[in-house]
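For reference, input-v6.csv is printed below; it contains CSV, C-alpha atoms and all ligand atoms.
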```csv
chain,number,residue,atom,x,y,z
A,1,MET,CA,94.7,69.1,99.3
A,2,THR,CA,96.2,72.6,98.7
A,3,GLN,CA,94.9,74.5,95.7
A,4,ILE,CA,98.1,75.8,94.0
A,5,LYS,CA,97.4,78.9,91.9
A,6,CYS,CA,100.8,80.5,91.9
A,7,ILE,CA,104.3,78.9,91.9
A,8,GLY,CA,107.5,80.9,92.7
A,9,ILE,CA,110.7,79.7,91.2
A,10,LEU,CA,114.3,80.6,92.2
A,11,THR,CA,117.9,79.4,91.6
A,12,SER,CA,120.3,79.5,94.5
A,13,GLY,CA,123.9,78.7,95.4
A,14,GLY,CA,126.5,78.0,92.7
A,15,ASP,CA,125.1,78.2,89.2
A,16,ALA,CA,125.0,75.2,86.9
A,17,PRO,CA,124.5,74.8,83.2
A,18,GLY,CA,121.0,73.6,82.6
A,19,MET,CA,119.4,75.8,85.3
A,20,ASN,CA,117.8,77.9,82.5
A,21,ALA,CA,116.3,74.8,80.9
A,22,ALA,CA,114.8,73.9,84.3
A,23,ILE,CA,113.4,77.4,84.8
A,24,ARG,CA,111.8,77.2,81.3
A,25,ALA,CA,110.4,73.7,82.0
A,26,VAL,CA,108.8,74.7,85.4
A,27,THR,CA,107.4,78.0,83.9
A,28,ARG,CA,105.9,76.3,80.8
A,29,SER,CA,104.5,73.3,82.5
A,30,ALA,CA,102.9,75.4,85.2
A,31,ILE,CA,101.3,77.8,82.7
A,32,TYR,CA,100.2,74.7,80.7
A,33,SER,CA,98.3,73.6,83.9
A,34,GLY,CA,96.8,77.0,84.4
A,35,ILE,CA,99.1,78.1,87.2
A,36,THR,CA,100.7,81.5,87.5
A,37,VAL,CA,104.5,81.6,87.7
A,38,LYS,CA,106.6,84.2,89.5
A,39,GLY,CA,110.4,84.4,88.9
A,40,ILE,CA,112.3,85.3,92.1
A,41,TYR,CA,115.7,87.0,91.4
A,42,ARG,CA,119.0,86.3,93.3
A,43,GLY,CA,117.9,83.2,95.1
A,44,TYR,CA,116.6,83.5,98.7
A,45,ARG,CA,117.9,87.1,98.8
A,46,GLY,CA,115.3,88.1,96.2
A,47,LEU,CA,112.6,86.5,98.4
A,48,ILE,CA,113.6,88.7,101.3
A,49,THR,CA,114.0,91.9,99.2
A,50,ASP,CA,110.9,91.1,97.0
A,51,GLU,CA,112.7,91.0,93.6
A,52,ILE,CA,109.9,89.1,92.0
A,53,VAL,CA,108.4,89.3,88.5
A,54,GLU,CA,105.6,87.3,86.9
A,55,PHE,CA,106.9,85.0,84.2
A,56,LYS,CA,104.9,84.4,81.0
A,57,THR,CA,105.9,81.8,78.5
A,58,GLN,CA,107.9,84.3,76.5
A,59,ASN,CA,110.0,85.2,79.5
A,60,VAL,CA,111.7,81.8,79.1
A,61,SER,CA,112.0,81.8,75.3
A,62,ASN,CA,115.4,81.2,73.9
A,63,ILE,CA,117.1,80.3,77.1
A,64,ILE,CA,117.3,76.5,77.0
A,65,GLN,CA,120.8,76.7,75.3
A,66,MET,CA,122.2,79.3,77.7
A,67,GLY,CA,124.6,78.6,80.6
A,68,GLY,CA,124.2,80.4,84.0
A,69,THR,CA,120.8,81.4,85.3
A,70,ILE,CA,118.6,84.2,84.0
A,71,LEU,CA,117.2,84.4,87.5
A,72,LYS,CA,120.7,85.2,88.9
A,73,THR,CA,121.8,83.4,92.0
A,74,ALA,CA,123.3,84.1,95.5
A,75,ARG,CA,124.4,82.5,98.7
A,76,CYS,CA,122.2,84.3,101.2
A,77,LYS,CA,123.4,84.5,104.8
A,78,GLU,CA,120.2,86.3,106.0
A,79,PHE,CA,118.0,83.3,105.0
A,80,GLN,CA,120.0,81.2,107.4
A,81,THR,CA,118.5,83.2,110.3
A,82,PRO,CA,114.9,82.8,111.6
A,83,GLU,CA,114.4,86.6,111.1
A,84,GLY,CA,115.4,86.4,107.5
A,85,ARG,CA,113.1,83.5,106.8
A,86,GLN,CA,110.2,85.3,108.4
A,87,LEU,CA,110.8,88.3,106.1
A,88,ALA,CA,110.9,85.8,103.1
A,89,TYR,CA,107.6,84.3,104.3
A,90,ASP,CA,106.0,87.7,104.5
A,91,VAL,CA,107.0,88.5,101.0
A,92,ILE,CA,105.6,85.1,99.8
A,93,LYS,CA,102.3,85.9,101.3
A,94,HIS,CA,102.3,89.4,99.9
A,95,GLU,CA,103.1,88.1,96.4
A,96,GLY,CA,100.3,85.4,96.7
A,97,ILE,CA,102.8,82.6,96.1
A,98,ASP,CA,101.4,79.2,97.1
A,99,ALA,CA,104.4,77.0,96.5
A,100,LEU,CA,108.1,77.2,95.6
A,101,VAL,CA,110.4,75.4,93.2
A,102,VAL,CA,114.0,75.8,94.4
A,103,ILE,CA,116.8,74.8,92.0
A,104,GLY,CA,120.2,74.4,93.7
A,105,GLY,CA,122.6,72.2,95.5
A,106,ASP,CA,123.1,70.9,99.0
A,107,GLY,CA,123.0,74.3,100.9
A,108,SER,CA,120.0,75.6,98.9
A,109,LEU,CA,118.0,72.4,99.5
A,110,THR,CA,118.9,72.5,103.2
A,111,GLY,CA,117.5,76.1,103.3
A,112,ALA,CA,114.4,74.9,101.5
A,113,ARG,CA,113.9,72.1,104.0
A,114,ILE,CA,114.1,74.3,107.0
A,115,PHE,CA,111.8,76.9,105.5
A,116,ALA,CA,109.2,74.3,104.4
A,117,THR,CA,109.1,72.8,107.9
A,118,GLU,CA,109.1,76.1,109.7
A,119,PHE,CA,106.1,77.5,107.8
A,120,ASN,CA,104.5,74.3,106.6
A,121,PHE,CA,105.0,75.6,103.1
A,122,PRO,CA,105.0,73.4,99.9
A,123,ILE,CA,108.5,73.3,98.3
A,124,VAL,CA,109.9,71.0,95.6
A,125,GLY,CA,113.6,71.0,94.9
A,126,LEU,CA,115.5,70.4,91.7
A,127,PRO,CA,119.2,69.2,92.0
A,128,GLY,CA,121.1,72.0,90.3
A,129,THR,CA,124.9,71.6,90.9
A,130,ILE,CA,127.9,70.6,88.9
A,131,ASP,CA,129.1,68.6,92.0
A,132,ASN,CA,126.7,65.7,91.5
A,133,ASP,CA,126.7,65.3,95.3
A,134,LEU,CA,122.9,64.9,96.0
A,135,PHE,CA,121.7,61.5,97.0
A,136,GLY,CA,118.8,59.9,95.2
A,137,THR,CA,119.4,61.0,91.6
A,138,ASP,CA,121.8,59.4,89.1
A,139,THR,CA,123.1,62.9,88.1
A,140,THR,CA,122.4,66.5,88.9
A,141,ILE,CA,121.7,69.3,86.5
A,142,GLY,CA,125.0,70.8,85.3
A,143,TYR,CA,127.2,67.8,86.1
A,144,ASP,CA,127.4,66.4,82.6
A,145,THR,CA,128.2,69.8,81.1
A,146,ALA,CA,131.0,70.4,83.7
A,147,LEU,CA,132.4,66.9,83.0
A,148,ASN,CA,132.5,67.6,79.3
A,149,THR,CA,134.2,71.0,79.9
A,150,ILE,CA,136.8,69.2,82.1
A,151,MET,CA,137.3,66.6,79.3
A,152,GLU,CA,138.0,69.3,76.7
A,153,CYS,CA,140.4,71.1,79.0
A,154,VAL,CA,142.3,68.0,80.0
A,155,ASP,CA,142.6,66.9,76.4
A,156,LYS,CA,144.3,70.2,75.6
A,157,ILE,CA,146.6,69.9,78.6
A,158,ARG,CA,147.6,66.4,77.5
A,159,ASP,CA,148.9,67.9,74.2
A,160,THR,CA,151.3,70.2,75.9
A,161,ALA,CA,152.1,67.7,78.7
A,162,THR,CA,153.2,65.1,76.1
A,163,SER,CA,155.3,67.6,74.1
A,164,HIS,CA,157.2,68.6,77.2
A,165,GLU,CA,157.1,65.2,78.9
A,166,ARG,CA,155.6,66.7,82.0
A,167,LEU,CA,153.5,65.7,85.0
A,168,PHE,CA,150.4,67.8,85.5
A,169,PHE,CA,148.2,68.0,88.5
A,170,ILE,CA,144.8,69.4,87.4
A,171,GLU,CA,142.4,70.5,90.1
A,172,VAL,CA,138.7,70.2,89.4
A,173,MET,CA,135.6,71.4,91.4
A,174,GLY,CA,133.3,69.2,93.4
A,175,ARG,CA,133.6,70.7,96.9
A,176,ASP,CA,133.7,67.5,99.0
A,177,ALA,CA,132.8,65.1,96.3
A,178,GLY,CA,135.0,63.2,93.8
A,179,PHE,CA,132.5,62.6,91.0
A,180,LEU,CA,134.0,65.2,88.6
A,181,ALA,CA,137.6,64.1,89.3
A,182,LEU,CA,137.0,60.4,89.0
A,183,ASN,CA,134.8,60.4,85.9
A,184,GLY,CA,136.9,63.2,84.4
A,185,ALA,CA,140.0,61.0,84.8
A,186,ILE,CA,138.3,58.0,83.1
A,187,ALA,CA,137.1,60.2,80.2
A,188,THR,CA,140.5,61.6,79.5
A,189,GLY,CA,142.7,58.6,80.2
A,190,ALA,CA,144.3,60.3,83.1
A,191,GLU,CA,146.8,58.3,85.2
A,192,ALA,CA,145.0,58.9,88.5
A,193,ALA,CA,142.2,60.7,90.4
A,194,ILE,CA,142.7,62.0,93.9
A,195,ILE,CA,139.3,62.2,95.5
A,196,PRO,CA,138.2,62.9,99.1
A,197,GLU,CA,136.3,59.6,99.4
A,198,ILE,CA,139.4,57.5,99.0
A,199,SER,CA,142.9,58.0,100.4
A,200,THR,CA,146.0,57.7,98.1
A,201,GLU,CA,149.5,57.6,99.5
A,202,VAL,CA,152.2,59.5,97.7
A,203,ASP,CA,154.3,56.4,96.8
A,204,GLN,CA,151.2,54.7,95.5
A,205,LEU,CA,150.6,57.9,93.4
A,206,ALA,CA,154.2,57.8,92.1
A,207,GLU,CA,153.6,54.4,90.7
A,208,LEU,CA,150.5,55.5,88.9
A,209,ILE,CA,152.3,58.6,87.5
A,210,GLN,CA,155.1,56.4,86.3
A,211,ASN,CA,152.6,54.5,84.2
A,212,GLY,CA,152.0,57.6,82.1
A,213,PHE,CA,155.7,58.0,81.3
A,214,ARG,CA,156.0,54.3,80.5
A,215,LYS,CA,153.2,54.5,77.9
A,216,SER,CA,153.5,56.1,74.5
A,217,LYS,CA,151.9,59.3,76.0
A,218,ASN,CA,155.2,60.3,77.7
A,219,SER,CA,153.3,62.4,80.1
A,220,SER,CA,151.2,61.9,83.2
A,221,ILE,CA,148.0,63.6,84.3
A,222,VAL,CA,146.5,63.4,87.8
A,223,LEU,CA,143.0,64.9,88.4
A,224,VAL,CA,142.7,66.3,91.9
A,225,ALA,CA,139.3,67.1,93.5
A,226,GLU,CA,139.3,70.4,95.4
A,227,SER,CA,138.8,69.5,99.1
A,228,PRO,CA,140.6,70.0,102.4
A,229,ILE,CA,140.9,66.2,102.5
A,230,THR,CA,142.9,65.9,99.2
A,231,GLY,CA,144.7,69.2,100.0
A,232,GLY,CA,144.2,70.4,96.4
A,233,ALA,CA,146.5,70.2,93.4
A,234,MET,CA,149.0,72.8,94.5
A,235,ALA,CA,149.8,71.0,97.8
A,236,LEU,CA,150.0,67.6,96.2
A,237,ALA,CA,152.3,68.8,93.5
A,238,GLU,CA,154.6,70.3,96.1
A,239,ARG,CA,154.8,67.0,98.0
A,240,VAL,CA,155.5,65.0,94.9
A,241,LYS,CA,158.1,67.4,93.7
A,242,LYS,CA,159.9,67.1,97.0
A,243,GLU,CA,159.9,63.3,97.1
A,244,TYR,CA,160.5,62.8,93.3
A,245,PRO,CA,162.5,65.8,92.1
A,246,GLY,CA,163.1,64.1,88.7
A,247,TYR,CA,159.6,65.1,87.5
A,248,ASP,CA,158.9,68.3,85.6
A,249,VAL,CA,155.7,69.2,87.4
A,250,ARG,CA,153.0,71.8,86.5
A,251,VAL,CA,149.6,72.6,88.1
A,252,THR,CA,146.4,73.8,86.5
A,253,ILE,CA,143.4,74.8,88.5
A,254,LEU,CA,140.4,74.8,86.2
A,255,GLY,CA,138.2,76.9,88.5
A,256,HIS,CA,135.0,78.6,87.5
A,257,LEU,CA,135.3,77.9,83.8
A,258,GLN,CA,133.8,74.5,84.8
A,259,ARG,CA,130.6,76.2,85.8
A,260,GLY,CA,129.9,78.0,82.5
A,261,GLY,CA,128.9,77.2,79.0
A,262,SER,CA,126.0,75.9,77.0
A,263,PRO,CA,124.4,72.8,78.6
A,264,THR,CA,124.9,69.5,77.0
A,265,ALA,CA,121.9,67.6,75.5
A,266,HIS,CA,121.9,65.4,78.6
A,267,ASP,CA,121.6,68.4,81.0
A,268,ARG,CA,118.9,70.1,78.9
A,269,ILE,CA,116.8,66.9,78.8
A,270,LEU,CA,117.4,66.2,82.5
A,271,ALA,CA,116.5,69.7,83.5
A,272,SER,CA,113.4,69.7,81.2
A,273,ARG,CA,112.1,66.4,82.6
A,274,MET,CA,112.8,67.4,86.2
A,275,GLY,CA,111.2,70.9,85.8
A,276,ALA,CA,108.0,69.4,84.4
A,277,ALA,CA,108.1,66.8,87.2
A,278,ALA,CA,108.4,69.5,89.9
A,279,VAL,CA,105.1,71.0,88.8
A,280,ASP,CA,103.4,67.5,88.7
A,281,ALA,CA,104.8,66.8,92.2
A,282,LEU,CA,103.2,70.1,93.6
A,283,LEU,CA,99.9,69.3,91.9
A,284,GLU,CA,100.0,65.8,93.5
A,285,ASP,CA,100.4,67.6,96.9
A,286,GLN,CA,104.1,66.5,97.3
A,287,ARG,CA,106.2,68.8,99.5
A,288,ASN,CA,109.7,68.7,101.0
A,289,VAL,CA,111.0,66.5,98.2
A,290,MET,CA,113.7,66.8,95.6
A,291,ILE,CA,113.0,65.5,92.1
A,292,GLY,CA,115.5,62.9,91.0
A,293,ILE,CA,116.0,60.6,88.0
A,294,ARG,CA,117.1,57.1,88.7
A,295,ASN,CA,117.4,54.4,86.1
A,296,ASP,CA,115.6,56.8,83.7
A,297,GLU,CA,112.6,57.2,86.0
A,298,ILE,CA,111.4,60.2,87.9
A,299,VAL,CA,111.6,59.7,91.7
A,300,TYR,CA,110.7,61.9,94.6
A,301,VAL,CA,113.5,62.0,97.2
A,302,PRO,CA,112.8,63.5,100.6
A,303,PHE,CA,115.0,66.5,101.3
A,304,SER,CA,116.3,64.8,104.4
A,305,LYS,CA,117.8,62.0,102.3
A,306,ALA,CA,119.0,64.0,99.4
A,307,ILE,CA,121.1,66.4,101.4
A,308,LYS,CA,122.6,63.9,103.8
A,309,ASN,CA,125.9,64.2,102.0
A,310,ASP,CA,126.4,60.5,101.6
A,311,LYS,CA,126.0,59.8,97.9
A,312,PRO,CA,128.5,57.0,97.4
A,313,ILE,CA,131.3,57.0,94.8
A,314,ASN,CA,131.0,53.9,92.6
A,315,ARG,CA,134.1,51.9,93.4
A,316,GLU,CA,133.9,50.0,90.2
A,317,LEU,CA,134.8,53.3,88.5
A,318,LEU,CA,138.0,53.6,90.5
A,319,ASN,CA,138.9,50.0,89.7
A,320,THR,CA,138.3,50.7,86.0
A,321,LEU,CA,140.6,53.8,86.1
A,322,ARG,CA,143.3,51.8,87.8
A,323,ARG,CA,143.1,48.9,85.3
A,324,LEU,CA,143.1,51.2,82.3
A,325,SER,CA,146.0,53.4,83.3
A,326,ILE,CA,148.7,50.6,83.4
A,401,LIG,O1,128.9,73.8,94.6
A,401,LIG,C1,129.3,74.2,93.3
A,401,LIG,C2,130.7,74.8,93.4
A,401,LIG,O2,131.2,75.1,92.1
A,401,LIG,C3,131.8,73.9,94.1
A,401,LIG,O3,132.3,72.8,93.3
A,401,LIG,C4,132.8,74.8,94.5
A,401,LIG,O4,133.5,74.4,95.7
A,401,LIG,C5,132.0,76.1,94.9
A,401,LIG,O5,130.8,75.9,94.2
A,401,LIG,C6,132.6,77.4,94.6
A,401,LIG,O6,131.8,78.4,95.0
A,401,LIG,P1,131.9,79.9,94.7
A,401,LIG,O7,131.5,80.1,93.2
A,401,LIG,O8,131.0,80.6,95.6
A,401,LIG,O9,133.4,80.3,94.8
```

What do you get writing this file as structure tokens?
Ligand code: F6P
Amino acid sequence: MTQIKCIGILTSGGDAPGMNAAIRAVTRSAIYSGITVKGIYRGYRGLITDEIVEFKTQNVSNIIQMGGTILKTARCKEFQTPEGRQLAYDVIKHEGIDALVVIGGDGSLTGARIFATEFNFPIVGLPGTIDNDLFGTDTTIGYDTALNTIMECVDKIRDTATSHERLFFIEVMGRDAGFLALNGAIATGAEAAIIPEISTEVDQLAELIQNGFRKSKNSSIVLVAESPITGGAMALAERVKKEYPGYDVRVTILGHLQRGGSPTAHDRILASRMGAAAVDALLEDQRNVMIGIRNDEIVYVPFSKAIKNDKPINRELLNTLRRLSI
């Protein structure tokens, strides 16, 4: 059993609301157990360049309510090379770090997995991404906040869409996953969600759009997940305009505003529980696992499963959206 005296913590990849709550939880639960904590700035890049500071409990005061990440984040190309990872390992040894907690999405946990295997080094991951595309956890840190942001934005667009009797295509993030688009559509009473997991033909879509104009709303809203598979909102709008010139079509791309803002209670609690669980996992000699919460219980998900990119969309949700948009 490894004796862990010092944990390093970093955030990597796209930031997500709730990452600060997770940093706070890891720091405080580690200190509570007598373990030193070191904050690593700018993700894996900071590991290579040795941007590392010891964190005391006051370093994480007053951050639970803040969006973004106080540790900053980066997508580090150098860490993808064996030479870069060797440099990172040298810094880890020099800093006396015995284990890492990595908070990030798919790419970040893939990097963690490779590093942990290469150097036989203990790493526990936390799912930090608005995309919700990590397998083995019901939701990821940041997803609920992004969903609520989408809901607020779409509600506002509905006001103007109804006044002008327009059809809006609204593009939301999610990389290759449709969770934000599908649940965003249900939460806002949108007419349809176009997601990479399920193909929708243009004439099928036209029928759904027509539902919006038939209803008292007098407008139609389609949420489109960004993805090469859906083609994005702009391309879809062009196709619909060409085939159905009668519609007054507008496009809104919500973009990075979906990544900011104060985390919801759900994300703060999720991040706090997961952060504390990461320290427990390391003390139990777990490694190469991501912390998940399934059916309200903490679970350890091997990295290999979490990042396989096959978290399924719940088809019942799609059915619900269709039934409720008639
Ligand atoms: O993975 C999170 C995410 O916000 C995706 O939804 C999106 O495709 C991507 O990051 C955008 O990345 P960047 O901020 O580097 O443009």

With a distance cut-off of 12 Å and all atoms listed in the file, select the neighbouring residues of A:Glu243, excluding the residue or stretch itself and same-chain residues fewer than 6 positions from it, and output the selection as an MDAnalysis selection string. chainID A and resid 202:203 205:206 236:237

Box time for ligand LIG 401 (chain A): axis-aligned, enclosing all its listed atoms, 6 Å extra on each side; report centre and edge lengths in Å to one decimal, as AutoDock Vina command-line options.
```
--center_x 131.2 --center_y 76.7 --center_z 93.9 --size_x 16.6 --size_y 19.8 --size_z 15.6
```

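Checking A:Glu83, A:Asp131, A:Asp159, A:Glu171 one by one against ligand LIG 401 (chain A), counting all atoms listed in the file, you find the shortest gap at A:Asp131.
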
At most 12 Å is the cut-off: for each residue in stretch 198-257 of chain A with any atom that close to an atom of stretch 300-318 of chain A, write down the nearest atom pair and the distance in Å rounded to one decimal, counting all atoms listed in the file, chain first then increasing number, as a tab-separated table.
```
residue	atom	partner	partner_atom	distance
A:Ile198	CA	A:Ile313	CA	9.1
A:Ser199	CA	A:Leu318	CA	11.9
A:Thr200	CA	A:Leu318	CA	11.8
```

For A:Gly68: contacts at 10 Å, all atoms listed in the file, fewer than 5 positions along chain excluded, given as a PyMOL selection string: chain A and resi 11+14-20+63+73+142+259-263

Residue selection dump (C-alpha atoms) as a PDB file, in the frame of the given file:
```pdb
ATOM      1  CA  THR A  11     117.900  79.400  91.600  1.00  0.00           C
ATOM      2  CA  GLY A  14     126.500  78.000  92.700  1.00  0.00           C
ATOM      3  CA  ASP A  15     125.100  78.200  89.200  1.00  0.00           C
ATOM      4  CA  ALA A  16     125.000  75.200  86.900  1.00  0.00           C
ATOM      5  CA  PRO A  17     124.500  74.800  83.200  1.00  0.00           C
ATOM      6  CA  GLY A  18     121.000  73.600  82.600  1.00  0.00           C
ATOM      7  CA  MET A  19     119.400  75.800  85.300  1.00  0.00           C
ATOM      8  CA  ASN A  20     117.800  77.900  82.500  1.00  0.00           C
ATOM      9  CA  ILE A  63     117.100  80.300  77.100  1.00  0.00           C
ATOM     10  CA  THR A  73     121.800  83.400  92.000  1.00  0.00           C
ATOM     11  CA  GLY A 142     125.000  70.800  85.300  1.00  0.00           C
ATOM     12  CA  ARG A 259     130.600  76.200  85.800  1.00  0.00           C
ATOM     13  CA  GLY A 260     129.900  78.000  82.500  1.00  0.00           C
ATOM     14  CA  GLY A 261     128.900  77.200  79.000  1.00  0.00           C
ATOM     15  CA  SER A 262     126.000  75.900  77.000  1.00  0.00           C
ATOM     16  CA  PRO A 263     124.400  72.800  78.600  1.00  0.00           C
TER      17      PRO A 263
END
```

Near stretch 289-293 of chain A, counting all atoms listed in the file, which residues have an atom at most 8 Å away, once you skip same-chain residues fewer than 3 positions from it, shown as a list in words? Ile123, Val124, Gly125, Leu126, Pro127, Gly136, Thr137, Asp138, Thr139, Leu270, Met274, Ala277, Ala278, Gln286, Asp296, Glu297, Ile298, Val299, Tyr300, Val301, Pro302, Phe303 and Ala306 of chain A

Interatomic distance between atom CA of A:Lys56 and atom CA of A:Gly111?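 According to the coordinates, atom CA of A:Lys56 and atom CA of A:Gly111 are separated by 26.9 Å.
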